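To keep things clear, I will list the structure first and then write my remarks on it.
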Amino acid sequence: MRSVSRFLSLLDRVSPAAVAEAHCDLPCGVYDPAQARIEAESIKGIIEKYNSTDDFVFRTRALIIKEERAELVKHHLWVLWTDYFKPEHLKAHPNLHEIFWMATKAAGEAKKTTDVAVADDLLARIAEIDKIFWETKKA
C-alpha cells in the first residue's frame with residue numbers, strides 16, 4: 001500500500017492534473033439520434049415480418065429481437081438526453097423533457113405490441129428529437 005502512495009505522489013509531480021472542458025462526455029460529434037432511429041426502423045421491419053407469417057418459431061424469435069431493439073432505442077435516447085442535451089437546450093426547447101419522455105414511453109410500448117402504428121409513432125417521436133438535436137448543433 002505504501003508503494004502505491006509513493007507512486008501516486010510521484011505521478012502528481014511528474015504530470016499535473018489537466019482540466020478538460022467539453023459540452024458532452026467527449027468532444028461533440030459522437031452523439032446522433034440516428035442510432036435510435038435505426039433501431040426503431042428495425043422494430044418496424046420486425047413487426048411487419050411478424051405480421052406476415054404464421055411460423056411460430058419465426059414469430060417467437062422476432063418478438064425477442066424486437067424487444068431487444070426497443071431496449072436499444074431507450075438506451076440511445078437516454079444517452080442523448082443525459083449526456084448530450086444541456087440546460088440551455090431545455091431553455092430553448094421547453095418541451096424537450098416531455099418529448100424524450102414520450103419517445104422512451106413509445107419505445108416501451110413497441111416492446112409490448114405487434115402494431116406497426118406504434119412503430120410509426122416511435123419513429124415520428126425520434127424524428128422530433130432529431131430535428132431539435134440538429135438545431136442545437138447549428139447553435
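Chain identifiers are assigned as A, B, and so on, following the order in which chains appear in the C-alpha cells; residues are numbered from 1 within each chain, and ligands are numbered from 1 in order of appearance.
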Quiz item: What lies within 10 Å of Asp120 (chain A) using only C-alpha atoms, ignoring chain neighbours under 2 positions off, as a PyMOL selection string?
Solution: chain A and resi 40-41+43-44+106+110+115-118+122-126
Exercise. Rank A:Asp54, A:Ile46, A:Lys137, A:Met102 by their smallest atom-to-atom distance to Asp121 (chain A), using only C-alpha atoms, and report the top residue only.
Key: A:Met102
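If you look at CA of Leu80 (chain A) and CA of Pro33 (chain A), they are 7.4 Å away from each other.
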Practice problem: Kindly indicate which residue among A:Glu68, A:Glu128, A:Asp55, A:Asp83 lies nearest to Leu96 (chain A), using only C-alpha atoms for the distances. | Solution: A:Glu128
Quiz item: Counting only C-alpha atoms, which of A:Lys111, A:Leu72, A:Ile132, A:Leu77 gets nearest to Asn95 (chain A)?
Solution: A:Ile132
Self-check item: CA of Glu109 (chain A) to CA of Trp81 (chain A), distance in Å rounded to a single decimal
Solution: 19.1 Å
Self-check item: Test item, alpha helix (DSSP H) assignment across region 32-110 of chain A, answer as a ChimeraX atom specification
Solution: /A:34-51,56-79,87-92,96-110
Residues of the last selection are to be written out with C-alpha atoms, as a tab-separated table (two decimals), in the first residue's frame.
```
chain	number	residue	atom	x	y	z
A	34	ALA	CA	-29.65	8.15	-35.93
A	35	GLN	CA	-28.74	5.25	-33.65
A	36	ALA	CA	-32.19	5.32	-32.05
A	37	ARG	CA	-33.85	5.77	-35.45
A	38	ILE	CA	-32.06	2.76	-36.95
A	39	GLU	CA	-33.21	0.56	-34.07
A	40	ALA	CA	-36.77	1.91	-34.39
A	41	GLU	CA	-36.74	1.18	-38.12
A	42	SER	CA	-35.65	-2.34	-37.25
A	43	ILE	CA	-38.61	-2.63	-34.86
A	44	LYS	CA	-40.99	-1.58	-37.61
A	45	GLY	CA	-39.48	-4.08	-40.04
A	46	ILE	CA	-39.67	-6.87	-37.47
A	47	ILE	CA	-43.33	-6.10	-36.76
A	48	GLU	CA	-44.13	-6.16	-40.47
A	49	LYS	CA	-42.38	-9.53	-40.90
A	50	TYR	CA	-44.01	-10.86	-37.74
A	51	ASN	CA	-47.46	-9.96	-39.06
A	56	PHE	CA	-44.41	-19.92	-34.69
A	57	VAL	CA	-40.63	-20.24	-34.36
A	58	PHE	CA	-40.00	-17.21	-36.58
A	59	ARG	CA	-42.57	-15.15	-34.71
A	60	THR	CA	-41.06	-16.08	-31.35
A	61	ARG	CA	-37.58	-15.08	-32.50
A	62	ALA	CA	-38.98	-11.86	-33.97
A	63	LEU	CA	-40.56	-10.88	-30.67
A	64	ILE	CA	-37.32	-11.49	-28.77
A	65	ILE	CA	-35.30	-9.41	-31.23
A	66	LYS	CA	-37.95	-6.65	-31.31
A	67	GLU	CA	-37.82	-6.36	-27.53
A	68	GLU	CA	-34.02	-6.13	-27.61
A	69	ARG	CA	-34.21	-3.40	-30.25
A	70	ALA	CA	-36.75	-1.47	-28.18
A	71	GLU	CA	-34.36	-1.53	-25.22
A	72	LEU	CA	-31.61	-0.24	-27.51
A	73	VAL	CA	-33.86	2.63	-28.63
A	74	LYS	CA	-34.41	3.55	-25.00
A	75	HIS	CA	-30.69	3.31	-24.32
A	76	HIS	CA	-29.76	5.59	-27.24
A	77	LEU	CA	-32.43	8.11	-26.28
A	78	TRP	CA	-31.32	8.14	-22.64
A	79	VAL	CA	-27.70	8.70	-23.68
A	87	PRO	CA	-29.96	23.12	-19.58
A	88	GLU	CA	-29.54	25.69	-22.35
A	89	HIS	CA	-31.23	23.28	-24.77
A	90	LEU	CA	-34.15	22.90	-22.39
A	91	LYS	CA	-34.48	26.68	-22.21
A	92	ALA	CA	-34.61	26.88	-26.00
A	96	LEU	CA	-37.77	18.71	-24.61
A	97	HIS	CA	-38.25	16.71	-21.42
A	98	GLU	CA	-41.76	15.66	-22.46
A	99	ILE	CA	-40.60	14.82	-25.98
A	100	PHE	CA	-37.95	12.46	-24.59
A	101	TRP	CA	-40.31	11.03	-22.00
A	102	MET	CA	-42.94	10.27	-24.66
A	103	ALA	CA	-40.33	8.80	-27.02
A	104	THR	CA	-38.99	6.43	-24.38
A	105	LYS	CA	-42.56	5.50	-23.43
A	106	ALA	CA	-43.23	4.78	-27.12
A	107	ALA	CA	-40.17	2.51	-27.18
A	108	GLY	CA	-41.61	0.70	-24.17
A	109	GLU	CA	-44.94	0.34	-26.00
A	110	ALA	CA	-43.11	-1.10	-29.01
```
